[in-house]
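Source file: work.tsv (TSV, C-alpha atoms and all ligand atoms)
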chain	number	residue	atom	x	y	z
M	295	SER	CA	100.73	94.79	94.47
M	296	ILE	CA	97.03	95.47	94.31
M	297	ILE	CA	96.48	92.18	92.49
M	298	SER	CA	96.67	89.30	94.92
M	299	LYS	CA	99.16	86.59	94.16
M	300	GLY	CA	97.37	83.39	93.34
M	301	LYS	CA	94.43	85.06	91.61
M	302	ASP	CA	93.33	83.66	88.24
M	303	PHE	CA	93.14	85.64	84.99
M	304	LEU	CA	90.01	84.26	83.35
M	305	GLN	CA	88.03	87.28	82.15
M	306	LEU	CA	88.44	91.06	82.41
M	307	ALA	CA	85.13	91.42	84.23
M	308	ASP	CA	86.86	89.88	87.27
M	309	PHE	CA	89.22	92.87	87.55
M	310	SER	CA	88.63	96.43	88.73
M	311	THR	CA	89.48	99.52	86.70
M	312	GLU	CA	92.36	100.13	89.13
M	313	GLU	CA	93.74	96.64	88.63
M	314	ILE	CA	93.57	96.86	84.83
M	315	LEU	CA	95.30	100.27	84.81
M	316	HIS	CA	97.93	98.92	87.20
M	317	LEU	CA	98.59	95.96	84.88
M	318	LEU	CA	99.05	98.42	82.00
M	319	ASP	CA	101.52	100.45	84.11
M	320	VAL	CA	103.54	97.36	84.92
M	321	ALA	CA	103.45	96.29	81.26
M	322	GLN	CA	104.93	99.65	80.26
M	323	GLU	CA	107.64	99.36	82.93
M	324	LEU	CA	108.56	95.86	81.82
M	325	LYS	CA	108.55	96.89	78.16
M	326	ALA	CA	110.93	99.77	78.92
M	327	LYS	CA	113.23	97.45	80.90
M	328	GLN	CA	113.31	94.90	78.10
M	329	LYS	CA	114.02	97.56	75.44
M	330	LYS	CA	116.92	98.94	77.53
M	331	GLY	CA	118.26	95.45	78.17
M	332	LYS	CA	117.75	95.81	81.94
M	333	PRO	CA	117.34	92.53	83.81
M	334	HIS	CA	113.88	91.83	85.20
M	335	SER	CA	114.05	88.28	86.49
M	336	PHE	CA	111.00	88.51	88.72
M	337	LEU	CA	110.03	84.89	88.07
M	338	SER	CA	113.39	83.23	88.52
M	339	GLY	CA	112.94	79.46	88.78
M	340	LYS	CA	109.17	79.62	88.14
M	341	VAL	CA	107.48	77.44	85.55
M	342	LEU	CA	104.33	78.06	83.52
M	343	GLY	CA	102.49	75.06	82.05
M	344	MET	CA	100.67	75.96	78.82
M	345	ILE	CA	97.83	73.70	77.66
M	346	PHE	CA	96.77	74.20	74.04
M	347	GLU	CA	93.64	72.56	72.60
M	348	LYS	CA	93.67	74.99	69.63
M	349	SER	CA	96.36	76.37	67.30
M	350	SER	CA	98.43	79.42	68.22
M	351	THR	CA	101.31	81.53	66.95
M	352	ARG	CA	101.28	84.67	69.10
M	353	THR	CA	99.95	83.31	72.39
M	354	ARG	CA	102.34	80.39	72.54
M	355	VAL	CA	105.45	82.29	71.51
M	356	SER	CA	104.76	85.41	73.59
M	357	PHE	CA	104.07	83.44	76.78
M	358	GLU	CA	107.12	81.25	76.23
M	359	VAL	CA	109.43	84.18	75.51
M	360	GLY	CA	107.85	86.21	78.32
M	361	MET	CA	108.55	83.52	80.91
M	362	LEU	CA	112.14	83.23	79.71
M	363	GLN	CA	112.68	87.02	79.90
M	364	LEU	CA	111.29	86.97	83.45
M	365	GLY	CA	113.85	84.34	84.43
M	366	GLY	CA	111.43	81.42	84.38
M	367	HIS	CA	110.46	78.70	81.99
M	368	ALA	CA	107.36	77.62	80.06
M	369	ILE	CA	106.27	74.14	79.03
M	370	PHE	CA	104.13	73.71	75.92
M	371	LEU	CA	101.52	71.02	76.49
M	372	SER	CA	99.41	70.04	73.50
M	373	SER	CA	96.15	68.43	74.53
M	374	LYS	CA	96.84	65.86	71.81
M	375	ASP	CA	99.83	64.64	73.81
M	376	LEU	CA	98.45	65.11	77.32
M	377	GLN	CA	96.38	62.35	78.93
M	378	LEU	CA	93.66	65.05	78.95
M	379	GLY	CA	93.22	64.27	75.26
M	380	ARG	CA	92.58	60.61	76.15
M	381	GLY	CA	89.92	61.38	78.72
M	382	GLU	CA	91.79	62.20	81.94
M	383	SER	CA	89.58	64.64	83.84
M	384	ILE	CA	90.19	68.39	83.97
M	385	SER	CA	90.19	68.28	87.77
M	386	ASP	CA	92.86	65.56	88.01
M	387	THR	CA	94.93	67.39	85.39
M	388	ALA	CA	94.61	70.60	87.43
M	389	LYS	CA	95.63	68.90	90.69
M	390	VAL	CA	98.60	67.10	89.14
M	391	LEU	CA	99.97	70.10	87.22
M	392	SER	CA	99.64	72.24	90.37
M	393	ARG	CA	102.20	69.93	92.05
M	394	TYR	CA	104.79	70.76	89.36
M	395	VAL	CA	104.23	74.23	87.96
M	396	ASP	CA	103.67	77.73	89.38
M	397	GLY	CA	100.95	78.74	86.95
M	398	ILE	CA	98.84	77.26	84.16
M	399	MET	CA	97.84	78.94	80.92
M	400	ILE	CA	95.12	77.24	78.93
M	401	ARG	CA	93.64	77.78	75.45
M	402	THR	CA	90.53	75.71	74.85
M	403	PHE	CA	86.96	75.70	73.55
M	404	SER	CA	84.50	75.89	76.42
M	405	HIS	CA	84.94	78.65	78.98
M	406	ASP	CA	83.47	76.28	81.60
M	407	SER	CA	86.52	74.03	81.18
M	408	VAL	CA	88.79	76.90	82.17
M	409	GLU	CA	86.62	77.71	85.19
M	410	GLU	CA	86.76	74.03	86.18
M	411	LEU	CA	90.53	73.94	85.78
M	412	ALA	CA	90.87	77.08	87.92
M	413	GLU	CA	88.58	75.65	90.58
M	414	HIS	CA	90.76	72.56	91.04
M	415	ALA	CA	94.19	74.08	90.43
M	416	THR	CA	96.07	75.43	93.46
M	417	VAL	CA	98.16	77.73	91.22
M	418	PRO	CA	96.95	80.72	89.15
M	419	VAL	CA	95.20	79.90	85.87
M	420	ILE	CA	95.42	82.23	82.87
M	421	ASN	CA	92.86	82.10	80.06
M	422	GLY	CA	94.76	82.05	76.76
M	423	LEU	CA	91.47	82.10	74.78
M	424	THR	CA	88.16	80.31	75.05
M	425	ASP	CA	85.14	80.50	72.76
M	426	LEU	CA	83.80	83.21	75.10
M	427	HIS	CA	86.80	85.36	76.10
M	428	HIS	CA	90.32	86.40	75.04
M	429	PRO	CA	91.42	88.61	77.95
M	430	THR	CA	95.22	88.56	77.45
M	431	GLN	CA	94.74	89.80	73.88
M	432	VAL	CA	92.61	92.70	75.05
M	433	MET	CA	95.22	93.73	77.64
M	434	ALA	CA	97.65	94.00	74.70
M	435	ASP	CA	95.04	95.96	72.73
M	436	LEU	CA	94.51	98.42	75.59
M	437	LEU	CA	98.29	98.87	75.95
M	438	THR	CA	98.58	99.56	72.21
M	439	ILE	CA	95.77	102.13	72.22
M	440	LEU	CA	97.23	103.81	75.31
M	441	GLU	CA	100.66	104.06	73.66
M	442	HIS	CA	99.29	105.55	70.45
M	443	LYS	CA	96.56	107.80	71.89
M	444	GLY	CA	98.02	108.64	75.30
M	445	LYS	CA	94.74	107.77	77.02
M	446	LEU	CA	91.84	105.33	77.02
M	447	SER	CA	89.00	107.02	78.86
M	448	GLY	CA	86.67	108.93	76.55
M	449	LEU	CA	87.84	107.30	73.32
M	450	LYS	CA	85.30	105.59	71.07
M	451	MET	CA	86.07	102.03	70.02
M	452	CYS	CA	84.16	100.31	67.27
M	453	TYR	CA	84.15	96.55	66.70
M	454	LEU	CA	82.80	95.12	63.46
M	455	GLY	CA	81.95	91.58	62.47
M	456	ASP	CA	81.24	88.58	64.67
M	457	GLY	CA	79.86	90.13	67.85
M	458	ASN	CA	79.32	86.74	69.42
M	459	ASN	CA	82.97	85.81	69.76
M	460	ASN	CA	85.79	85.92	72.29
M	461	MET	CA	87.28	89.19	71.02
M	462	ALA	CA	84.00	91.10	70.99
M	463	HIS	CA	83.25	90.01	74.55
M	464	SER	CA	86.67	90.78	76.01
M	465	LEU	CA	86.86	94.11	74.16
M	466	MET	CA	83.50	95.07	75.60
M	467	GLU	CA	84.67	94.20	79.12
M	468	GLY	CA	88.01	95.96	78.67
M	469	ALA	CA	86.44	99.08	77.17
M	470	VAL	CA	83.92	99.66	79.93
M	471	LYS	CA	86.47	99.08	82.69
M	472	THR	CA	88.73	101.76	81.22
M	473	GLY	CA	86.05	104.33	80.37
M	474	MET	CA	86.11	103.81	76.61
M	475	HIS	CA	82.85	103.88	74.66
M	476	ILE	CA	82.26	100.83	72.50
M	477	SER	CA	79.94	100.31	69.55
M	478	ILE	CA	79.59	96.83	68.12
M	479	ALA	CA	78.04	96.19	64.70
M	480	SER	CA	77.14	92.62	63.80
M	481	PRO	CA	74.48	90.78	61.81
M	482	LEU	CA	71.36	90.05	63.88
M	483	ASP	CA	72.23	86.40	64.50
M	484	TYR	CA	75.76	87.29	65.66
M	485	LEU	CA	75.15	89.92	68.32
M	486	PRO	CA	77.28	89.65	71.48
M	487	ASN	CA	76.29	87.39	74.37
M	488	ALA	CA	73.33	89.09	76.12
M	489	LYS	CA	74.59	88.55	79.69
M	490	ILE	CA	78.06	89.92	78.94
M	491	THR	CA	76.48	92.92	77.17
M	492	GLU	CA	74.11	93.67	80.05
M	493	LYS	CA	76.92	93.44	82.56
M	494	ALA	CA	79.14	95.70	80.46
M	495	MET	CA	76.36	98.29	80.19
M	496	GLU	CA	75.99	98.17	83.97
M	497	VAL	CA	79.74	98.72	84.49
M	498	GLY	CA	79.63	101.49	81.89
M	499	LYS	CA	77.11	103.40	84.01
M	500	HIS	CA	79.79	103.74	86.69
M	501	THR	CA	82.77	104.44	84.44
M	502	GLY	CA	80.99	106.70	81.93
M	503	SER	CA	81.30	104.26	79.02
M	504	ILE	CA	78.51	104.04	76.50
M	505	VAL	CA	77.95	100.55	75.07
M	506	LYS	CA	76.01	100.29	71.81
M	507	VAL	CA	75.09	97.22	69.83
M	508	THR	CA	73.74	97.63	66.31
M	509	THR	CA	73.48	95.83	62.98
M	510	ASP	CA	74.55	99.01	61.11
M	511	PRO	CA	78.33	99.16	60.46
M	512	GLN	CA	78.29	102.86	59.45
M	513	GLU	CA	76.56	103.87	62.65
M	514	ALA	CA	79.12	101.95	64.74
M	515	VAL	CA	82.13	103.40	62.89
M	516	LYS	CA	80.90	106.99	63.07
M	517	ASP	CA	83.56	109.17	64.78
M	518	ALA	CA	85.44	106.13	66.07
M	519	ASP	CA	88.98	106.61	67.45
M	520	VAL	CA	89.71	102.90	67.24
M	521	ILE	CA	88.36	100.32	64.79
M	522	VAL	CA	88.75	96.66	65.62
M	523	THR	CA	87.75	93.54	63.78
M	524	ASP	CA	88.44	89.83	64.02
M	525	VAL	CA	88.11	86.76	61.83
M	526	TRP	CA	84.59	85.92	60.71
M	527	THR	CA	85.17	82.23	61.37
M	528	SER	CA	86.76	81.48	64.72
M	529	MET	CA	88.62	78.29	65.59
M	530	GLY	CA	86.14	75.45	65.87
M	531	GLN	CA	83.61	77.01	63.45
M	532	GLU	CA	85.34	75.96	60.23
M	533	GLU	CA	82.33	74.12	58.82
M	534	GLU	CA	80.38	77.44	58.79
M	535	THR	CA	83.00	79.31	56.74
M	536	GLU	CA	80.99	79.60	53.50
M	537	LYS	CA	77.87	80.80	55.26
M	538	ARG	CA	79.82	83.32	57.32
M	539	LEU	CA	81.56	84.80	54.26
M	540	LYS	CA	78.11	85.79	52.98
M	541	VAL	CA	76.55	86.93	56.26
M	542	PHE	CA	79.47	89.21	57.23
M	543	ALA	CA	80.28	90.63	53.76
M	544	SER	CA	78.95	94.14	54.51
M	545	TYR	CA	80.98	94.37	57.76
M	546	GLN	CA	84.38	94.41	56.05
M	547	VAL	CA	86.69	97.13	57.38
M	548	ASN	CA	87.75	99.02	54.23
M	549	GLU	CA	88.53	102.59	53.17
M	550	GLU	CA	84.92	103.34	52.27
M	551	LEU	CA	83.62	102.39	55.71
M	552	CYS	CA	86.54	104.02	57.56
M	553	LYS	CA	85.64	107.42	56.04
M	554	HIS	CA	83.05	107.63	58.80
M	555	ALA	CA	85.67	107.28	61.56
M	556	LYS	CA	87.85	110.08	62.96
M	557	ASN	CA	90.73	111.08	60.65
M	558	ASP	CA	93.34	109.72	63.05
M	559	PHE	CA	91.64	106.40	63.83
M	560	LEU	CA	93.70	103.36	64.77
M	561	PHE	CA	93.06	99.93	63.26
M	562	LEU	CA	93.55	96.87	65.46
M	563	HIS	CA	93.21	93.16	64.71
M	564	CYS	CA	94.36	90.40	67.06
M	565	LEU	CA	95.56	88.34	64.07
M	566	PRO	CA	95.60	85.99	62.24
M	567	ALA	CA	93.88	88.14	59.56
M	568	HIS	CA	92.22	87.35	56.26
M	569	ARG	CA	92.84	90.19	53.82
M	570	GLY	CA	89.83	90.70	51.55
M	571	GLU	CA	87.48	89.19	54.14
M	572	GLU	CA	87.07	91.02	57.47
M	573	VAL	CA	89.59	93.71	56.45
M	574	SER	CA	90.93	95.06	53.18
M	575	ALA	CA	94.67	94.97	52.53
M	576	GLU	CA	94.82	98.78	52.24
M	577	ILE	CA	93.56	99.16	55.80
M	578	ILE	CA	95.52	96.44	57.59
M	579	ASP	CA	98.71	97.29	55.67
M	580	GLY	CA	98.02	101.03	55.68
M	581	PRO	CA	99.00	104.00	57.90
M	582	HIS	CA	96.23	103.59	60.49
M	583	SER	CA	97.09	99.99	61.28
M	584	VAL	CA	98.96	99.16	64.50
M	585	VAL	CA	98.51	95.39	64.30
M	586	PHE	CA	102.19	94.53	64.71
M	587	ASP	CA	102.62	96.82	67.74
M	588	GLU	CA	99.53	95.06	69.04
M	589	ALA	CA	101.06	91.63	68.42
M	590	GLU	CA	104.30	92.71	70.13
M	591	ASN	CA	102.36	94.01	73.11
M	592	ARG	CA	101.05	90.51	73.82
M	593	LEU	CA	104.53	89.88	75.21
M	594	HIS	CA	104.67	92.95	77.45
M	595	ALA	CA	101.08	92.78	78.69
M	596	GLN	CA	101.40	89.09	79.54
M	597	LYS	CA	104.68	89.61	81.37
M	598	ALA	CA	102.80	92.06	83.60
M	599	ILE	CA	100.05	89.50	84.21
M	600	LEU	CA	102.62	86.79	84.95
M	601	LYS	CA	104.59	89.03	87.31
M	602	LEU	CA	101.54	90.10	89.29
M	603	LEU	CA	100.04	86.61	89.52
M	604	LEU	CA	103.14	84.45	89.98
M	605	ALA	CA	105.86	86.56	91.61
M	701	LIG	N1	95.86	86.70	68.55
M	701	LIG	C1	96.15	85.45	68.95
M	701	LIG	O1	95.71	84.98	70.00
M	701	LIG	O2	96.97	84.77	68.10
M	701	LIG	P1	97.35	83.23	68.14
M	701	LIG	O3	96.09	82.45	67.82
M	701	LIG	O4	98.39	83.07	67.08
M	701	LIG	O5	97.85	82.88	69.50
M	702	LIG	N1	88.17	84.82	67.33
M	702	LIG	C1	89.38	84.16	66.94
M	702	LIG	C2	90.57	84.75	67.64
M	702	LIG	C3	91.89	84.15	67.24
M	702	LIG	C4	93.05	84.68	68.03
M	702	LIG	C5	89.27	82.68	67.22
M	702	LIG	O1	88.74	82.33	68.30
M	702	LIG	O2	89.68	81.88	66.40

Entire entry expressed as structure tokens:
Amino acid sequence: SIISKGKDFLQLADFSTEEILHLLDVAQELKAKQKKGKPHSFLSGKVLGMIFEKSSTRTRVSFEVGMLQLGGHAIFLSSKDLQLGRGESISDTAKVLSRYVDGIMIRTFSHDSVEELAEHATVPVINGLTDLHHPTQVMADLLTILEHKGKLSGLKMCYLGDGNNNMAHSLMEGAVKTGMHISIASPLDYLPNAKITEKAMEVGKHTGSIVKVTTDPQEAVKDADVIVTDVWTSMGQEEETEKRLKVFASYQVNEELCKHAKNDFLFLHCLPAHRGEEVSAEIIDGPHSVVFDEAENRLHAQKAILKLLLA
């Protein structure tokens, strides 16, 4: 494998184009095996510990099912029940869990916490979402686009809404690594993280990806092959909900706005979605939407990550 066993999966910027494309290959192989009912117990006897400090439907279930299908097992660890929630340090938690499990997945708030966990863990750590990144989701997104479009390089992706969130950042990193162009449209106070943007633009110079950040949704959507959005209020920002509903109103993905995209555009959303807010029902429930293929692909993409990191 070109991905070294024991490596962490914290953000897509840590992986080369080759590594990301290889993960997508393996995901497709594993998906085919699972569909044909062929055994693929590459992680027989291995255990993944999964720490959740935020809610989850897809991430929890897809990792748990994925480990089972690979012949291993997953343990759901809510931070409310762990001693972590009563003040035990991240480093002690990392050292202790590393004595029991073969890998740790964590969903939390601060990205620094995940870096700290990875630093002290002696087993691979997988980022299951932080405030800054959502890399496993974007691997599923890339797999979905590849399946529906037959390629990634040269396509134009457009992301609308909260540019300063985990999805926007990971999409930017994933797009530039795979040669996709990406245009992000957000209100001025919600533009993507400047460092992540600069770094993505730098990577794009080598892979031929053009990265654009604008406040104009029409400009971003123009000729897009793929339109992506995400919730306007991410987990942990609930007290800003009212304000955000107003600020993001003109960034809703709806039929009017999508007229500016290519005729055969795909619509992606990591889910959960709020119909009538970031996306209209006619778009997310309409013919361009691939959101349930995308949700399914969490399973296949993560099985590839697990196989390459833990096997
Ligand atoms: N898309 C995603 O990560 O979903 P969950 O919050 O349900 O895990
Ligand atoms: N940006 C969203 C993604 C949910 C999967 C959040 O962080 O809540």

Margin query: Under the rule that only C-alpha atoms and all ligand atoms are counted, which of M:Gly468, M:Gly422, M:Gly448, M:Gly366 is the nearest residue to ligand LIG 701 (chain M)?
Written below: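 Nearest candidate to ligand LIG 701 (chain M) out of M:Gly468, M:Gly422, M:Gly448, M:Gly366: M:Gly422.
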
Next item on the list: Determine the nearest neighbour of ligand LIG 701 (chain M) from the options M:Met461, M:Val515, M:Val507, M:Ala388, counting all atoms listed in the file.
Entry: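 Ranked by minimum distance to ligand LIG 701 (chain M), first place goes to M:Met461.
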
If you take only C-alpha atoms and all ligand atoms and a cut-off of 12 Å, which residues of chain M touch ligand LIG 701 (chain M), and what are their nearest atom pairs and distances in Å to one decimal, in chain and number order, as a tab-separated table?
residue	atom	partner	partner_atom	distance
M:Met344	CA	M:LIG701	O5	11.9
M:Phe346	CA	M:LIG701	O5	9.9
M:Glu347	CA	M:LIG701	O3	11.3
M:Lys348	CA	M:LIG701	O3	8.0
M:Ser349	CA	M:LIG701	O3	6.1
M:Ser350	CA	M:LIG701	O5	3.7
M:Thr351	CA	M:LIG701	O4	3.3
M:Arg352	CA	M:LIG701	O4	3.9
M:Thr353	CA	M:LIG701	O5	3.6
M:Arg354	CA	M:LIG701	O5	6.0
M:Val355	CA	M:LIG701	O5	7.9
M:Ser356	CA	M:LIG701	O5	8.4
M:Phe357	CA	M:LIG701	O5	9.6
M:Glu358	CA	M:LIG701	O5	11.6
M:Ile400	CA	M:LIG701	O5	11.3
M:Arg401	CA	M:LIG701	O5	8.9
M:Thr402	CA	M:LIG701	O3	11.2
M:Asn421	CA	M:LIG701	O1	10.8
M:Gly422	CA	M:LIG701	O1	7.4
M:Leu423	CA	M:LIG701	O1	7.0
M:Thr424	CA	M:LIG701	O1	10.2
M:Asp425	CA	M:LIG701	O1	11.8
M:His427	CA	M:LIG701	O1	10.8
M:His428	CA	M:LIG701	O1	7.5
M:Pro429	CA	M:LIG701	O1	9.7
M:Thr430	CA	M:LIG701	O1	8.3
M:Gln431	CA	M:LIG701	O1	6.3
M:Val432	CA	M:LIG701	N1	9.4
M:Met433	CA	M:LIG701	N1	11.5
M:Ala434	CA	M:LIG701	N1	9.7
M:Asp435	CA	M:LIG701	N1	10.2
M:Asn460	CA	M:LIG701	O1	10.2
M:Met461	CA	M:LIG701	N1	9.3
M:Thr523	CA	M:LIG701	N1	11.6
M:Asp524	CA	M:LIG701	N1	9.2
M:Val525	CA	M:LIG701	N1	10.3
M:Ser528	CA	M:LIG701	O3	9.9
M:Met529	CA	M:LIG701	O3	8.8
M:Leu562	CA	M:LIG701	N1	10.9
M:His563	CA	M:LIG701	N1	8.0
M:Cys564	CA	M:LIG701	N1	4.3
M:Leu565	CA	M:LIG701	N1	4.8
M:Pro566	CA	M:LIG701	O2	6.1
M:Ala567	CA	M:LIG701	N1	9.3
M:Val585	CA	M:LIG701	N1	10.0
M:Phe586	CA	M:LIG701	N1	10.8
M:Glu588	CA	M:LIG701	N1	9.1
M:Ala589	CA	M:LIG701	N1	7.2
M:Glu590	CA	M:LIG701	N1	10.5
M:Asn591	CA	M:LIG701	N1	10.8
M:Arg592	CA	M:LIG701	N1	8.3
M:Leu593	CA	M:LIG701	O5	11.2
M:Gln596	CA	M:LIG701	O1	11.8

Margin query: Please compute the atom CA of M:Asp579-atom CA of M:Lys540 distance, one decimal, in Å.
Written below: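 Spanning atom CA of M:Asp579 to atom CA of M:Lys540 is a straight-line distance of 23.7 Å.
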
Checklist line | Two-atom distance - atom CA of M:Ala595, atom CA of M:Leu317 (Å) | finding: 7.4 Å

Next item on the list: Just the residues within 10 Å of M:Asp483, please, counting all atoms listed in the file, with nothing from its chain fewer than 2 positions along; format it as a VMD selection string.
Entry: chain M and resid 456 to 458 480 to 481 485 to 486 509 541

Check: By how many Å are atom CA of M:Val417 and atom CA of M:Asp308 apart?
Finding: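 A separation of 17.1 Å between them.
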
Margin query: So that I can check the surroundings of stretch 404-415 of chain M, please list as a ChimeraX atom specification every protein, DNA and RNA residue that reaches within 10 Å of it, counting all atoms listed in the file and ignoring chain neighbours fewer than 4 positions away.
Written below: /M:301-305,383-393,397-400,419-427,460

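Counting only C-alpha atoms, the residue from M:Val547, M:Ile314, M:Glu571, M:Thr501 that sits nearest to M:Thr535 is M:Glu571.
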
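You can rank M:Leu465, M:Val520, M:Ala555, M:Val505 by their closest distance to ligand LIG 702 (chain M) using only C-alpha atoms and all ligand atoms, and at the top of that list sits M:Leu465.
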
Could you model N, CA and C atoms for stretch 572-585 of chain M and present them as an mmCIF file, in the coordinates of the input?
data_model
loop_
_atom_site.group_PDB
_atom_site.id
_atom_site.type_symbol
_atom_site.label_atom_id
_atom_site.label_comp_id
_atom_site.auth_asym_id
_atom_site.auth_seq_id
_atom_site.Cartn_x
_atom_site.Cartn_y
_atom_site.Cartn_z
ATOM 1 N N GLU M 572 87.490 90.048 56.441
ATOM 2 C CA GLU M 572 87.070 91.020 57.470
ATOM 3 C C GLU M 572 87.770 92.372 57.341
ATOM 4 N N VAL M 573 88.893 92.427 56.634
ATOM 5 C CA VAL M 573 89.590 93.710 56.450
ATOM 6 C C VAL M 573 90.259 93.738 55.074
ATOM 7 N N SER M 574 90.253 94.930 54.469
ATOM 8 C CA SER M 574 90.930 95.060 53.180
ATOM 9 C C SER M 574 92.427 95.209 53.415
ATOM 10 N N ALA M 575 93.211 94.852 52.412
ATOM 11 C CA ALA M 575 94.670 94.970 52.530
ATOM 12 C C ALA M 575 95.080 96.423 52.746
ATOM 13 N N GLU M 576 94.385 97.373 52.102
ATOM 14 C CA GLU M 576 94.820 98.780 52.240
ATOM 15 C C GLU M 576 94.658 99.280 53.666
ATOM 16 N N ILE M 577 93.710 98.745 54.397
ATOM 17 C CA ILE M 577 93.560 99.160 55.800
ATOM 18 C C ILE M 577 94.565 98.443 56.703
ATOM 19 N N ILE M 578 94.636 97.138 56.639
ATOM 20 C CA ILE M 578 95.520 96.440 57.590
ATOM 21 C C ILE M 578 96.999 96.704 57.285
ATOM 22 N N ASP M 579 97.322 96.987 56.019
ATOM 23 C CA ASP M 579 98.710 97.290 55.670
ATOM 24 C C ASP M 579 98.939 98.794 55.500
ATOM 25 N N GLY M 580 97.942 99.581 55.887
ATOM 26 C CA GLY M 580 98.020 101.030 55.680
ATOM 27 C C GLY M 580 98.444 101.793 56.924
ATOM 28 N N PRO M 581 98.429 103.147 56.844
ATOM 29 C CA PRO M 581 99.000 104.000 57.900
ATOM 30 C C PRO M 581 98.243 103.987 59.230
ATOM 31 N N HIS M 582 96.988 103.591 59.234
ATOM 32 C CA HIS M 582 96.230 103.590 60.490
ATOM 33 C C HIS M 582 96.431 102.311 61.304
ATOM 34 N N SER M 583 96.991 101.306 60.656
ATOM 35 C CA SER M 583 97.090 99.990 61.280
ATOM 36 C C SER M 583 98.230 99.914 62.289
ATOM 37 N N VAL M 584 97.930 99.360 63.467
ATOM 38 C CA VAL M 584 98.960 99.160 64.500
ATOM 39 C C VAL M 584 99.011 97.683 64.894
ATOM 40 N N VAL M 585 98.678 96.810 63.952
ATOM 41 C CA VAL M 585 98.510 95.390 64.300
ATOM 42 C C VAL M 585 99.808 94.705 64.751
#
